[in-house]
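Report on one structure; see the data block that follows.
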Amino acid sequence: MRAITIPQPGGPDALIWAEVPDPEPGPGEVIVDVRAAGVNRADLLQRQGHYPPPPGAPEHPGLECSGVISAIGPEVTGWAVGQQVCALLTGGGYAERVAVPAGQLLPVPAGVDVVDAAALPEVACTVWSNLVPVGRLRPGDTLLVHGGGSGIGTFAIQFGVALGAEILATARAAKHSRLRELGAAHTIDYREQDFVEEVRRATDGHGVDVILDIMGASYLGRNVAALATGGRLVVIGLQGGRKAELDLGALLTKRASISATTLRARPLTEKAEIVRGVRDEVWPLIEAGRIRPVVDRRLPMTEAAEAHRLVESNDHIGKVLLTVG
């Protein structure tokens, strides 16, 4: 088969469409013929040599895909050849075929195109696992989503609204109208506005109950300042750096908490548990039309370099997809 390979780490042109060995389904795995793969910032880091795949994972990038099951390995039940699925992956989605642990499969939701379904697994699993078990988001809470125009951000806005939360989101001003269409009650231009002051203004000085943060170090102090008493900061990205000083007194005064999580390196059992939660609690919202995949554009897999340039530019809204065939 063919897949996107990275012979040497580097810029977008380091991505090469090349022949690689066909995957074989091991025990508990299925083979998915890929129709589309989502582009995530983790893929950009892997291309640059900063985020190598975990041991045993495919060398080519891609943390989510959609397609059709073409083969089933031993010990797999509940899935059939020919079934349309999407999947959370440890790697390997930028390819014509990929082996997937059955516990990381999801059916394509009713009413969603099989290609667009590639925009769902990574964001749904990331958002649900961080806002529900970790962030404990409840109806009536206020949620601040950083990077509201990203794939994670556009999904988190919709999911928060579906849970009955009031949403604040940071993004470039050009993206604000789209985020309000998705349900954000307040949009903040992070380049021109102080998000702490805007949060205080929007919440009558109380702060927000939950923050979903992709920035890390550069936002740490201001995130704590923006939290309400008892607030929860959940860090899922480090686009603003890894190290920062923290005033623990401010955290103690607010009786607040900080959590940090990743998804890719979790054990298969934990990923399967997250996927079950998403199927039970998120898929019904998608099938009811309360959440929908936000796809900025589709590009052929052979144009993976252009897709990476687009995501790096931050000019997109939602997900960029790479299609096969």
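By convention here, the chains of the structure tokens are called A, B, ... in the order presented, each chain's residues are numbered starting at 1, and ligands are numbered starting at 1 in the order presented.
For Gly67 (chain A), the non-local neighbours within 9 Å, defined as residues at least 2 positions apart in the same chain or in other chains and counting only C-alpha atoms, are Val32, Asp33, Val34, Arg35, Ala36, Ala37, Cys65, Ile69, Gln83, Gln84, Val85, Cys86, Ala87, Arg97, Val108, Val114, Val115, Ala117 and Ala118 of chain A.
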- [ ] For Val234 (chain A), please output as a PyMOL selection string all residues within 12 Å (counting only C-alpha atoms; exclusion window: fewer than 3 positions along the same chain).
- [x] chain A and resi 126-127+129-137+143-146+209-216+219-220+223-224+227+231+237-238+256-262
Any chance you can output those residues with C-alpha atoms as an mmCIF file, in the first residue's frame?
```cif
data_model
loop_
_atom_site.group_PDB
_atom_site.id
_atom_site.type_symbol
_atom_site.label_atom_id
_atom_site.label_comp_id
_atom_site.auth_asym_id
_atom_site.auth_seq_id
_atom_site.Cartn_x
_atom_site.Cartn_y
_atom_site.Cartn_z
ATOM 1 C CA THR A 126 -10.090 14.550 23.570
ATOM 2 C CA VAL A 127 -12.966 16.883 24.408
ATOM 3 C CA SER A 129 -12.346 12.810 28.230
ATOM 4 C CA ASN A 130 -11.153 16.233 29.382
ATOM 5 C CA LEU A 131 -14.418 18.065 29.949
ATOM 6 C CA VAL A 132 -16.418 15.261 31.560
ATOM 7 C CA PRO A 133 -14.247 12.988 33.758
ATOM 8 C CA VAL A 134 -11.465 15.571 34.302
ATOM 9 C CA GLY A 135 -13.092 19.010 34.021
ATOM 10 C CA ARG A 136 -16.410 17.876 35.528
ATOM 11 C CA LEU A 137 -18.315 20.314 33.300
ATOM 12 C CA LEU A 143 -16.378 27.157 29.917
ATOM 13 C CA LEU A 144 -13.482 29.049 28.332
ATOM 14 C CA VAL A 145 -12.126 27.338 25.205
ATOM 15 C CA HIS A 146 -8.739 28.528 23.992
ATOM 16 C CA ASP A 209 -15.662 27.272 35.986
ATOM 17 C CA VAL A 210 -13.612 25.321 33.436
ATOM 18 C CA ILE A 211 -10.822 26.244 31.008
ATOM 19 C CA LEU A 212 -9.760 23.949 28.157
ATOM 20 C CA ASP A 213 -6.250 25.136 27.326
ATOM 21 C CA ILE A 214 -3.990 24.338 24.365
ATOM 22 C CA MET A 215 -1.271 26.889 25.205
ATOM 23 C CA GLY A 216 0.369 25.702 28.403
ATOM 24 C CA TYR A 219 -1.193 31.177 29.580
ATOM 25 C CA LEU A 220 -0.717 29.490 32.964
ATOM 26 C CA ASN A 223 -5.636 31.073 33.207
ATOM 27 C CA VAL A 224 -5.538 30.787 36.990
ATOM 28 C CA LEU A 227 -10.832 30.857 37.016
ATOM 29 C CA GLY A 231 -12.528 26.335 38.932
ATOM 30 C CA GLY A 237 -1.463 21.379 24.670
ATOM 31 C CA LEU A 238 1.838 23.199 24.957
ATOM 32 C CA ALA A 256 -8.910 25.639 42.060
ATOM 33 C CA SER A 257 -7.277 22.668 40.346
ATOM 34 C CA ILE A 258 -4.998 22.129 37.366
ATOM 35 C CA SER A 259 -4.968 18.914 35.336
ATOM 36 C CA ALA A 260 -2.904 17.993 32.301
ATOM 37 C CA THR A 261 -3.580 15.079 29.965
ATOM 38 C CA THR A 262 -2.495 13.459 26.727
#
```
Write out as JSON lines the residues of region 105-172 of chain A that have any atom within 12 Å of an atom of region 40-45 of chain A, one row each with the nearest atom pair and its distance in Å to one decimal, counting only C-alpha atoms, sorted by chain and then rising number.
```
{"residue": "A:Ala118", "atom": "CA", "partner": "A:Asn40", "partner_atom": "CA", "distance": 11.3}
{"residue": "A:Ala119", "atom": "CA", "partner": "A:Asn40", "partner_atom": "CA", "distance": 9.7}
{"residue": "A:Leu120", "atom": "CA", "partner": "A:Asn40", "partner_atom": "CA", "distance": 11.5}
{"residue": "A:Pro121", "atom": "CA", "partner": "A:Asn40", "partner_atom": "CA", "distance": 11.3}
{"residue": "A:Glu122", "atom": "CA", "partner": "A:Asn40", "partner_atom": "CA", "distance": 8.5}
{"residue": "A:Val123", "atom": "CA", "partner": "A:Asn40", "partner_atom": "CA", "distance": 9.3}
{"residue": "A:Thr126", "atom": "CA", "partner": "A:Asn40", "partner_atom": "CA", "distance": 11.8}
{"residue": "A:Ser150", "atom": "CA", "partner": "A:Asn40", "partner_atom": "CA", "distance": 9.5}
{"residue": "A:Gly151", "atom": "CA", "partner": "A:Asn40", "partner_atom": "CA", "distance": 8.2}
{"residue": "A:Ile152", "atom": "CA", "partner": "A:Asn40", "partner_atom": "CA", "distance": 9.4}
```
Next, dump the selected residues to file, keeping only N, CA and C atoms, as an mmCIF file, in the first residue's frame.
```cif
data_model
loop_
_atom_site.group_PDB
_atom_site.id
_atom_site.type_symbol
_atom_site.label_atom_id
_atom_site.label_comp_id
_atom_site.auth_asym_id
_atom_site.auth_seq_id
_atom_site.Cartn_x
_atom_site.Cartn_y
_atom_site.Cartn_z
ATOM 1 N N ALA A 118 -14.057 11.417 9.537
ATOM 2 C CA ALA A 118 -12.646 11.435 9.946
ATOM 3 C C ALA A 118 -12.322 12.628 10.826
ATOM 4 N N ALA A 119 -13.190 13.635 10.828
ATOM 5 C CA ALA A 119 -12.964 14.824 11.652
ATOM 6 C C ALA A 119 -13.387 14.624 13.097
ATOM 7 N N LEU A 120 -13.937 13.465 13.439
ATOM 8 C CA LEU A 120 -14.565 13.305 14.745
ATOM 9 C C LEU A 120 -13.764 12.564 15.820
ATOM 10 N N PRO A 121 -13.088 11.450 15.535
ATOM 11 C CA PRO A 121 -12.594 10.621 16.647
ATOM 12 C C PRO A 121 -11.637 11.319 17.598
ATOM 13 N N GLU A 122 -10.610 11.972 17.082
ATOM 14 C CA GLU A 122 -9.613 12.584 17.955
ATOM 15 C C GLU A 122 -10.214 13.722 18.765
ATOM 16 N N VAL A 123 -10.996 14.587 18.126
ATOM 17 C CA VAL A 123 -11.560 15.719 18.864
ATOM 18 C C VAL A 123 -12.623 15.260 19.849
ATOM 19 N N THR A 126 -10.831 13.568 22.788
ATOM 20 C CA THR A 126 -10.090 14.550 23.570
ATOM 21 C C THR A 126 -11.035 15.432 24.375
ATOM 22 N N SER A 150 -10.062 25.979 16.210
ATOM 23 C CA SER A 150 -9.403 24.718 15.859
ATOM 24 C C SER A 150 -10.410 23.575 15.816
ATOM 25 N N GLY A 151 -9.933 22.404 15.426
ATOM 26 C CA GLY A 151 -10.802 21.237 15.460
ATOM 27 C C GLY A 151 -11.292 20.947 16.862
ATOM 28 N N ILE A 152 -10.361 20.957 17.831
ATOM 29 C CA ILE A 152 -10.739 20.769 19.232
ATOM 30 C C ILE A 152 -11.699 21.863 19.669
#
```
- [ ] Taking the DSSP assignment computed from this structure's backbone, write out as a ChimeraX atom specification all residues of region 42-126 of chain A that belong to alpha helix (DSSP H).
- [x] /A:42-47,121-126
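For the choices A:Val208, A:Ala110, A:Ala102, A:Ala304, the atom-to-atom distance to Ile16 (chain A) is smallest for A:Ala304 when using only C-alpha atoms.
Among the candidates A:Leu88, A:Ala18, A:Ala171, A:Leu179, the one nearest to Arg191 (chain A) when counting only C-alpha atoms is A:Ala171.
With only C-alpha atoms as the atoms that count, the residue of A:Ala217, A:Gln48, A:Asp194, A:Leu248 with the shortest distance to Val235 (chain A) is A:Ala217.
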Open item on the list: At a cut-off of 10 Å, using only C-alpha atoms, what residues contact Arg290 (chain A)? Leave out same-chain residues fewer than 5 positions from it and give the result as a list in words.
Closed with: Gln158, Phe159, Val161, Ala162, Leu182, Val282, Trp283, Pro284 and Leu285 of chain A
Residue subset to file, keeping all heavy atoms, as an mmCIF file, in the first residue's frame:
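Contents of again-v4.cif, freshly written:
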```cif
data_model
loop_
_atom_site.group_PDB
_atom_site.id
_atom_site.type_symbol
_atom_site.label_atom_id
_atom_site.label_comp_id
_atom_site.auth_asym_id
_atom_site.auth_seq_id
_atom_site.Cartn_x
_atom_site.Cartn_y
_atom_site.Cartn_z
ATOM 1 N N GLN A 158 -19.410 23.231 20.702
ATOM 2 C CA GLN A 158 -20.693 22.544 20.488
ATOM 3 C C GLN A 158 -21.025 21.584 21.625
ATOM 4 O O GLN A 158 -22.174 21.497 22.074
ATOM 5 C CB GLN A 158 -20.646 21.780 19.164
ATOM 6 C CG GLN A 158 -20.508 22.665 17.938
ATOM 7 C CD GLN A 158 -20.456 21.829 16.676
ATOM 8 O OE1 GLN A 158 -21.486 21.474 16.095
ATOM 9 N NE2 GLN A 158 -19.253 21.500 16.243
ATOM 10 N N PHE A 159 -20.018 20.861 22.091
ATOM 11 C CA PHE A 159 -20.254 19.906 23.171
ATOM 12 C C PHE A 159 -20.630 20.631 24.457
ATOM 13 O O PHE A 159 -21.544 20.206 25.178
ATOM 14 C CB PHE A 159 -19.000 19.045 23.382
ATOM 15 C CG PHE A 159 -19.167 17.982 24.433
ATOM 16 C CD1 PHE A 159 -20.073 16.956 24.263
ATOM 17 C CD2 PHE A 159 -18.396 18.017 25.590
ATOM 18 C CE1 PHE A 159 -20.231 15.974 25.241
ATOM 19 C CE2 PHE A 159 -18.533 17.038 26.562
ATOM 20 C CZ PHE A 159 -19.452 16.014 26.381
ATOM 21 N N VAL A 161 -22.109 23.535 24.745
ATOM 22 C CA VAL A 161 -23.478 24.013 24.589
ATOM 23 C C VAL A 161 -24.464 22.872 24.807
ATOM 24 O O VAL A 161 -25.485 23.030 25.495
ATOM 25 C CB VAL A 161 -23.674 24.647 23.198
ATOM 26 C CG1 VAL A 161 -25.154 24.918 22.931
ATOM 27 C CG2 VAL A 161 -22.873 25.935 23.080
ATOM 28 N N ALA A 162 -24.165 21.703 24.237
ATOM 29 C CA ALA A 162 -25.058 20.551 24.388
ATOM 30 C C ALA A 162 -25.192 20.124 25.846
ATOM 31 O O ALA A 162 -26.241 19.610 26.255
ATOM 32 C CB ALA A 162 -24.555 19.378 23.538
ATOM 33 N N LEU A 182 -21.693 28.486 16.137
ATOM 34 C CA LEU A 182 -21.576 27.176 16.784
ATOM 35 C C LEU A 182 -22.075 27.192 18.220
ATOM 36 O O LEU A 182 -22.225 26.130 18.833
ATOM 37 C CB LEU A 182 -20.121 26.702 16.746
ATOM 38 C CG LEU A 182 -19.549 26.401 15.360
ATOM 39 C CD1 LEU A 182 -18.055 26.106 15.461
ATOM 40 C CD2 LEU A 182 -20.279 25.238 14.694
ATOM 41 N N VAL A 282 -21.607 10.983 23.344
ATOM 42 C CA VAL A 282 -21.401 12.018 22.320
ATOM 43 C C VAL A 282 -22.080 11.649 21.007
ATOM 44 O O VAL A 282 -22.682 12.505 20.352
ATOM 45 C CB VAL A 282 -19.894 12.267 22.088
ATOM 46 C CG1 VAL A 282 -19.689 13.335 21.024
ATOM 47 C CG2 VAL A 282 -19.215 12.666 23.391
ATOM 48 N N TRP A 283 -21.984 10.385 20.608
ATOM 49 C CA TRP A 283 -22.573 9.981 19.316
ATOM 50 C C TRP A 283 -24.061 10.287 19.241
ATOM 51 O O TRP A 283 -24.540 10.753 18.189
ATOM 52 C CB TRP A 283 -22.281 8.503 19.063
ATOM 53 C CG TRP A 283 -21.289 8.260 17.962
ATOM 54 C CD1 TRP A 283 -21.411 7.362 16.925
ATOM 55 C CD2 TRP A 283 -20.011 8.899 17.746
ATOM 56 N NE1 TRP A 283 -20.305 7.405 16.102
ATOM 57 C CE2 TRP A 283 -19.437 8.337 16.582
ATOM 58 C CE3 TRP A 283 -19.317 9.885 18.410
ATOM 59 C CZ2 TRP A 283 -18.194 8.748 16.084
ATOM 60 C CZ3 TRP A 283 -18.079 10.288 17.927
ATOM 61 C CH2 TRP A 283 -17.540 9.722 16.783
ATOM 62 N N PRO A 284 -24.865 10.098 20.310
ATOM 63 C CA PRO A 284 -26.283 10.488 20.212
ATOM 64 C C PRO A 284 -26.474 11.977 19.941
ATOM 65 O O PRO A 284 -27.425 12.368 19.244
ATOM 66 C CB PRO A 284 -26.844 10.094 21.587
ATOM 67 C CG PRO A 284 -25.960 8.986 22.046
ATOM 68 C CD PRO A 284 -24.598 9.371 21.568
ATOM 69 N N LEU A 285 -25.579 12.815 20.458
ATOM 70 C CA LEU A 285 -25.675 14.260 20.201
ATOM 71 C C LEU A 285 -25.381 14.568 18.738
ATOM 72 O O LEU A 285 -26.010 15.450 18.143
ATOM 73 C CB LEU A 285 -24.699 15.016 21.106
ATOM 74 C CG LEU A 285 -24.940 14.909 22.604
ATOM 75 C CD1 LEU A 285 -23.790 15.562 23.374
ATOM 76 C CD2 LEU A 285 -26.276 15.540 22.992
#
```
- [ ] Considering only C-alpha atoms, return as a PyMOL selection string whatever protein or nucleic-acid residues lie within 12 Å of Gly78 (chain A), sequence-local ones (same chain, fewer than 4 positions apart) excluded.
- [x] chain A and resi 28-30+72+83+102-103+105-107
Open item on the list: Give me the residues near Pro7 (chain A) as a VMD selection string, where near means some atom within 10 Å (using only C-alpha atoms) and where sequence neighbours in that chain fewer than 5 positions away do not count.
Closed with: chain A and resid 14 to 16 47 59 to 60
Open item on the list: From a backbone DSSP assignment, name each residue in region 251-283 of chain A labelled strand (DSSP E or B), as number ranges by chain.
Closed with: A: 257-260
